[in-house]
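Participant: What follows is a structure written as structure tokens; I'll ask about it next.
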Amino acid sequence: MTSTHPAAPLLEARALCFHRQDEPVFGPLDFRLDAGELTLIEGDNGSGKTTLMRILTGLLRPEEGELFWRGEPLTWDRCSGEVVFLGHQLGLKAELSPRENLRFAIGLHGHREQSGIDDALATVGLAGYEEEPVRKLSAGQKKRVALARLLLIPAALWLLDEPYANLDRTGIELVNGLLETHIAHGGAALVTSHGAVQFHGGEPQRIRLHD
Amino acid sequence: MTDARYPGLGQACAAVLRRDLTLAWRQRGDMVLPVLYALIVTSLFPFALGPEDALLRRIAGGVVLVTVLLAMLLALDAMFRSDIEDGSLEQLMLAPQPLALMLGMKILAHWLATAVPLIVVAPLLAGMLHLPSPVMPVLLLALLLATPLLSLLGGVLVALTAGTRRSGMLLALMLLPLCVPVVIFAAGALAAAQGGLPWIAPIAWLGAALALAVVLAPLACAAALRIALDS
């Protein structure tokens, strides 16, 4: 995907602040994210990681500061379709099977070339669970279904809120592998975590939300 | 921004519709409840009022109408609840599709799953109360216009109360004044048909209200849900 403004970063934040009932949650934050970059957002519980994520998706409005998407002010309709958000609520229907959930996601967001639903489920280690209702899967397996969505939907920016939660060691490696491939293909990703995370591909940029 | 990889509107609408209808079918026990409720309420009327033919014939249309509309209220507050709880609504908002249209599809799916079964059993309910058969088509026409109108109005109110806890009570209070004109026009058509008078005018009013609601209600839903999630 080529940018119309080569000089402009994919996502840029200038003096971003957020208050909840006059209590400052975080900020002011300044950062920029280019295509092919990975940024870690670090902070303790309650430091505003999820809030920052929701602001970056455009679901929540920041109170102060500015956000730019490809050099233009970010609004929810400007970046929609180019951003995939994986939050605490995975957006999966418990009564539907992983395959049906993913087919719905593709119908709504579009389909990346050369990727099939069953292949994506096999990649995240869910071969054999295609027809099982999501409600019967474990928390980690549900997370893997949501990760399979990342493989199928075309997007320039991944916003992953605690992608490592509920995952076992192979799951953590899976997330790291997905991120490395995404970055290598020129995608960008913002990842929140409150623990130490190891990446194989270079040292990521870090944003700290501690005061 | 337009990209060949993004699905077209038709494809996205079909995806939402298919998912919601599949979900409704998987939980078809919930679909049966409003029908059962309508069946019980209408069968209680002859017991309470006495099996007097003339009386039942006179109240049949109104009873069926009110019962069906009340039965729809049972399922109304579930319209967006599960989507808000499991994060599907956030995903819907982030999709490169117009949210209002997608919500319109959700309302359509909800109407198909809750109101259509009620409309199907309505002739049976009306027959139990000896509604004259020439009035039956008017009853069905009134229901076909009144139930989607109620779904659309209800959808807006459900979206407005989405952020609040225990929204059921608030929803019922807010919906009451909006229900009244729907019932007045639908019942007016039935009464006119039963009296052998022209009944097209109240039906036309219902149709006009429905046309207005089809256009405006999904837009209002989208705005209200964006505000509800912005907190």
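Following the order of the structure tokens, chains are lettered A, B, ..., residues in each are numbered from 1, and ligands are numbered from 1.
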Show which residues sit within 7 Å of Val134 (chain A), as a PyMOL selection string. Count only C-alpha atoms, and ignore same-chain residues fewer than 6 positions away.
Facilitator: chain A and resi 93-98+142
Participant: Mind writing the picked residues with C-alpha atoms as a PDB file, in the first residue's frame?
Facilitator:
ATOM      1  CA  LYS A  93     -19.938 -14.482  18.449  1.00  0.00           C
ATOM      2  CA  ALA A  94     -20.001 -17.349  20.936  1.00  0.00           C
ATOM      3  CA  GLU A  95     -22.749 -19.214  19.109  1.00  0.00           C
ATOM      4  CA  LEU A  96     -20.942 -19.200  15.772  1.00  0.00           C
ATOM      5  CA  SER A  97     -17.992 -21.353  14.747  1.00  0.00           C
ATOM      6  CA  PRO A  98     -14.537 -19.840  14.129  1.00  0.00           C
ATOM      7  CA  LYS A 142     -10.722 -17.661  21.390  1.00  0.00           C
TER       8      LYS A 142
END
Participant: Show which residues sit within 6 Å of region 30-42 of chain B, as an NGL selection string. Count only C-alpha atoms, and ignore same-chain residues fewer than 2 positions away.
Facilitator: :B and (27-28 or 44-45 or 67 or 71 or 118)
Participant: For the selection just defined, write its residues with C-alpha atoms to a file, as a compact mmCIF listing (two decimals), in the first residue's frame.
Facilitator:
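Wrote it out as selection.txt, contents follow:
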# COMPACT_ATOMS: atom_id res chain seq x y z
CA GLN B 27 -30.97 -19.37 19.59
CA ARG B 28 -34.41 -20.16 18.23
CA LEU B 44 -56.79 -15.73 27.97
CA PHE B 45 -59.11 -13.00 26.66
CA THR B 67 -50.54 -8.34 21.82
CA ALA B 71 -44.68 -9.37 22.34
CA LEU B 118 -45.67 -13.14 15.13
Participant: List as a PyMOL selection string the protein and nucleic acid residues near region 34-41 of chain A, meaning an atom at most 8 Å away when only C-alpha atoms are counted, but skip any in the same chain fewer than 5 places from it.
Facilitator: chain A and resi 9-11+49+156+182-193+204-209
Participant: Residues as selected, N, CA and C atoms, written as a short mmCIF file (atom, residue, chain, number, x, y, z; two decimals), in the first residue's frame, can you do that?
Facilitator:
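Below you can see part-v4.cif, which holds the result:
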data_model
loop_
_atom_site.label_atom_id
_atom_site.label_comp_id
_atom_site.auth_asym_id
_atom_site.auth_seq_id
_atom_site.Cartn_x
_atom_site.Cartn_y
_atom_site.Cartn_z
N PRO A 9 4.06 10.51 8.27
CA PRO A 9 4.01 9.20 8.92
C PRO A 9 2.59 8.64 8.88
N LEU A 10 2.51 7.32 9.06
CA LEU A 10 1.20 6.67 9.06
C LEU A 10 0.32 7.26 10.15
N LEU A 11 0.89 7.33 11.34
CA LEU A 11 0.12 7.83 12.48
C LEU A 11 1.02 8.75 13.28
N LYS A 49 -3.54 2.32 28.94
CA LYS A 49 -3.13 1.69 27.68
C LYS A 49 -4.36 1.46 26.77
N ALA A 156 -3.31 -1.62 7.22
CA ALA A 156 -1.97 -1.05 7.29
C ALA A 156 -1.48 -1.02 8.73
N HIS A 182 4.09 -9.10 9.54
CA HIS A 182 3.34 -7.87 9.22
C HIS A 182 4.30 -6.70 9.01
N ILE A 183 5.26 -6.56 9.92
CA ILE A 183 6.24 -5.47 9.83
C ILE A 183 7.09 -5.64 8.57
N ALA A 184 7.49 -6.90 8.29
CA ALA A 184 8.34 -7.16 7.13
C ALA A 184 7.62 -6.82 5.83
N HIS A 185 6.30 -6.90 5.83
CA HIS A 185 5.53 -6.57 4.64
C HIS A 185 5.13 -5.08 4.60
N GLY A 186 5.73 -4.30 5.46
CA GLY A 186 5.49 -2.86 5.41
C GLY A 186 4.32 -2.40 6.23
N GLY A 187 3.79 -3.27 7.09
CA GLY A 187 2.70 -2.86 7.97
C GLY A 187 3.25 -2.23 9.22
N ALA A 188 2.38 -1.58 9.99
CA ALA A 188 2.78 -0.99 11.25
C ALA A 188 1.92 -1.60 12.35
N ALA A 189 2.45 -1.61 13.57
CA ALA A 189 1.68 -2.18 14.67
C ALA A 189 1.97 -1.43 15.96
N LEU A 190 0.92 -1.27 16.75
CA LEU A 190 1.04 -0.74 18.11
C LEU A 190 0.56 -1.84 19.04
N VAL A 191 1.40 -2.18 20.01
CA VAL A 191 1.09 -3.30 20.89
C VAL A 191 1.18 -2.83 22.33
N THR A 192 0.17 -3.11 23.13
CA THR A 192 0.27 -2.79 24.55
C THR A 192 0.64 -4.05 25.32
N SER A 193 1.38 -3.85 26.37
CA SER A 193 1.68 -4.97 27.26
C SER A 193 2.12 -4.38 28.58
N PRO A 204 12.07 -2.57 19.24
CA PRO A 204 10.92 -1.72 18.91
C PRO A 204 10.96 -0.38 19.65
N GLN A 205 10.27 0.57 19.07
CA GLN A 205 10.06 1.85 19.74
C GLN A 205 9.16 1.63 20.96
N ARG A 206 9.39 2.36 22.04
CA ARG A 206 8.57 2.17 23.23
C ARG A 206 7.92 3.47 23.67
N ILE A 207 6.68 3.39 24.06
CA ILE A 207 5.99 4.53 24.64
C ILE A 207 5.65 4.14 26.06
N ARG A 208 6.10 4.93 27.03
CA ARG A 208 5.81 4.58 28.42
C ARG A 208 4.71 5.48 28.94
N LEU A 209 3.73 4.86 29.59
CA LEU A 209 2.61 5.63 30.14
C LEU A 209 2.75 5.87 31.64
#
Participant: Could you list, as a short mmCIF file (atom, residue, chain, number, x, y, z; two decimals) with C-alpha atoms, in the first residue's frame, the residues of chain A having an atom within 9 Å of chain B when counting only C-alpha atoms?
Facilitator:
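The resulting file, part_30.cif, is reproduced below:
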data_model
loop_
_atom_site.label_atom_id
_atom_site.label_comp_id
_atom_site.auth_asym_id
_atom_site.auth_seq_id
_atom_site.Cartn_x
_atom_site.Cartn_y
_atom_site.Cartn_z
CA ARG A 54 -9.50 3.27 21.84
CA THR A 57 -9.05 3.59 16.72
CA GLY A 58 -11.18 6.74 16.69
CA LEU A 59 -13.81 5.20 18.99
CA LEU A 60 -12.89 7.63 21.75
CA ARG A 61 -12.13 11.32 21.29
CA TRP A 76 -13.13 7.50 12.49
CA ASP A 77 -14.08 7.41 8.83
CA ARG A 78 -10.64 8.35 7.52
CA CYS A 79 -8.75 5.39 8.88
CA SER A 80 -11.58 2.84 8.88
CA GLY A 81 -10.65 -0.19 6.86
CA GLU A 82 -6.94 0.43 7.30
CA VAL A 83 -6.87 -0.31 11.00
CA VAL A 84 -7.51 -3.61 12.72
CA PHE A 85 -8.21 -3.43 16.42
CA LEU A 86 -7.87 -6.42 18.71
CA GLY A 87 -9.12 -5.50 22.15
CA HIS A 88 -10.04 -7.25 25.37
CA GLN A 89 -13.44 -7.96 23.88
CA LEU A 90 -12.56 -10.07 20.89
CA GLY A 91 -15.68 -9.33 18.84
CA LEU A 92 -16.46 -13.01 18.33
CA LYS A 93 -19.94 -14.48 18.45
CA ALA A 94 -20.00 -17.35 20.94
CA GLU A 95 -22.75 -19.21 19.11
CA LEU A 96 -20.94 -19.20 15.77
CA GLU A 100 -18.42 -18.40 10.49
CA ASN A 101 -16.92 -15.63 12.62
CA ARG A 103 -16.30 -15.29 7.16
CA PHE A 104 -18.32 -12.44 8.69
CA ALA A 105 -15.16 -10.42 9.36
CA ILE A 106 -14.09 -10.87 5.73
CA GLY A 107 -17.54 -9.86 4.47
CA LEU A 108 -17.24 -6.64 6.43
CA HIS A 109 -13.57 -5.68 6.23
CA GLY A 110 -12.41 -7.33 3.03
CA HIS A 111 -10.05 -10.12 2.25
CA ARG A 112 -6.27 -10.16 1.97
CA GLU A 113 -4.99 -11.94 -1.11
CA PRO A 154 -6.13 -6.25 4.88
#
Participant: Need to verify the contact set: Asp119 (chain A), 10 Å, only C-alpha atoms, exclusion of same-chain residues closer than 5 positions in sequence. Can you return it as a VMD selection string?
Facilitator: chain A and resid 114 124 to 127 148 151 to 152
Participant: Could the residues in this selection be saved with N, CA and C atoms as a compact mmCIF listing (two decimals), in the first residue's frame?
Facilitator:
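Written output follows (part_5.txt):
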# COMPACT_ATOMS: atom_id res chain seq x y z
N GLN A 114 -4.29 -14.21 -1.26
CA GLN A 114 -3.65 -15.50 -0.94
C GLN A 114 -3.77 -15.90 0.54
N VAL A 124 -2.91 -20.45 13.15
CA VAL A 124 -2.98 -20.10 14.57
C VAL A 124 -3.18 -21.33 15.45
N GLY A 125 -3.09 -22.49 14.86
CA GLY A 125 -3.13 -23.72 15.65
C GLY A 125 -4.54 -24.19 16.00
N LEU A 126 -5.51 -23.89 15.16
CA LEU A 126 -6.88 -24.29 15.45
C LEU A 126 -7.43 -25.25 14.39
N ALA A 127 -6.53 -25.94 13.68
CA ALA A 127 -7.02 -26.93 12.72
C ALA A 127 -7.84 -27.98 13.47
N ALA A 148 -6.44 -14.97 14.04
CA ALA A 148 -6.61 -15.41 12.65
C ALA A 148 -7.23 -14.30 11.82
N LEU A 151 -4.76 -12.19 10.12
CA LEU A 151 -4.17 -12.78 8.91
C LEU A 151 -5.05 -12.56 7.69
N LEU A 152 -6.36 -12.44 7.90
CA LEU A 152 -7.29 -12.44 6.78
C LEU A 152 -7.67 -11.05 6.29
Participant: Can you list, as a PDB file with N, CA and C atoms, in the first residue's frame, all residues belonging to region 55-110 of chain A that DSSP tags as strand (DSSP E)?
Facilitator:
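Output saved as selection-v4.pdb:
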ATOM      1  N   GLU A  64      -7.365  16.633  24.510  1.00  0.00           N
ATOM      2  CA  GLU A  64      -6.394  17.610  24.045  1.00  0.00           C
ATOM      3  C   GLU A  64      -5.430  16.919  23.098  1.00  0.00           C
ATOM      4  N   GLY A  65      -4.795  17.691  22.308  1.00  0.00           N
ATOM      5  CA  GLY A  65      -3.807  17.126  21.394  1.00  0.00           C
ATOM      6  C   GLY A  65      -4.421  16.755  20.068  1.00  0.00           C
ATOM      7  N   GLU A  66      -3.543  16.393  19.151  1.00  0.00           N
ATOM      8  CA  GLU A  66      -4.001  16.108  17.797  1.00  0.00           C
ATOM      9  C   GLU A  66      -3.462  14.763  17.337  1.00  0.00           C
ATOM     10  N   LEU A  67      -4.237  14.129  16.476  1.00  0.00           N
ATOM     11  CA  LEU A  67      -3.823  12.867  15.871  1.00  0.00           C
ATOM     12  C   LEU A  67      -3.887  13.025  14.365  1.00  0.00           C
ATOM     13  N   PHE A  68      -2.872  12.527  13.702  1.00  0.00           N
ATOM     14  CA  PHE A  68      -2.842  12.622  12.242  1.00  0.00           C
ATOM     15  C   PHE A  68      -2.694  11.251  11.633  1.00  0.00           C
ATOM     16  N   TRP A  69      -3.493  10.991  10.635  1.00  0.00           N
ATOM     17  CA  TRP A  69      -3.421   9.732   9.894  1.00  0.00           C
ATOM     18  C   TRP A  69      -2.946  10.075   8.494  1.00  0.00           C
ATOM     19  N   GLU A  72      -3.136  13.758   7.751  1.00  0.00           N
ATOM     20  CA  GLU A  72      -4.395  14.492   7.868  1.00  0.00           C
ATOM     21  C   GLU A  72      -5.025  14.175   9.221  1.00  0.00           C
ATOM     22  N   PRO A  73      -5.832  15.111   9.780  1.00  0.00           N
ATOM     23  CA  PRO A  73      -6.436  14.857  11.089  1.00  0.00           C
ATOM     24  C   PRO A  73      -7.231  13.549  11.076  1.00  0.00           C
ATOM     25  N   VAL A  83      -7.295  -0.007   9.644  1.00  0.00           N
ATOM     26  CA  VAL A  83      -6.875  -0.313  10.998  1.00  0.00           C
ATOM     27  C   VAL A  83      -7.610  -1.558  11.464  1.00  0.00           C
ATOM     28  N   VAL A  84      -6.874  -2.479  12.052  1.00  0.00           N
ATOM     29  CA  VAL A  84      -7.512  -3.610  12.717  1.00  0.00           C
ATOM     30  C   VAL A  84      -7.264  -3.454  14.203  1.00  0.00           C
ATOM     31  N   PHE A  85      -8.302  -3.583  14.976  1.00  0.00           N
ATOM     32  CA  PHE A  85      -8.214  -3.425  16.419  1.00  0.00           C
ATOM     33  C   PHE A  85      -8.531  -4.757  17.068  1.00  0.00           C
ATOM     34  N   LEU A  86      -7.617  -5.208  17.929  1.00  0.00           N
ATOM     35  CA  LEU A  86      -7.869  -6.418  18.706  1.00  0.00           C
ATOM     36  C   LEU A  86      -7.849  -6.011  20.168  1.00  0.00           C
TER      37      LEU A  86
END
Participant: Could you tell me how far CA of Gly154 (chain B) sits from CA of Ala172 (chain B), in Å to one decimal place?
Facilitator: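 If I compute the distance from CA of Ala172 (chain B) to CA of Gly154 (chain B), I get 9.5 Å.
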Participant: Could you give me the residues within region 130-169 of chain B that DSSP places in helix (DSSP H, G or I), as a PyMOL selection string?
Facilitator: chain B and resi 133-160+167-169
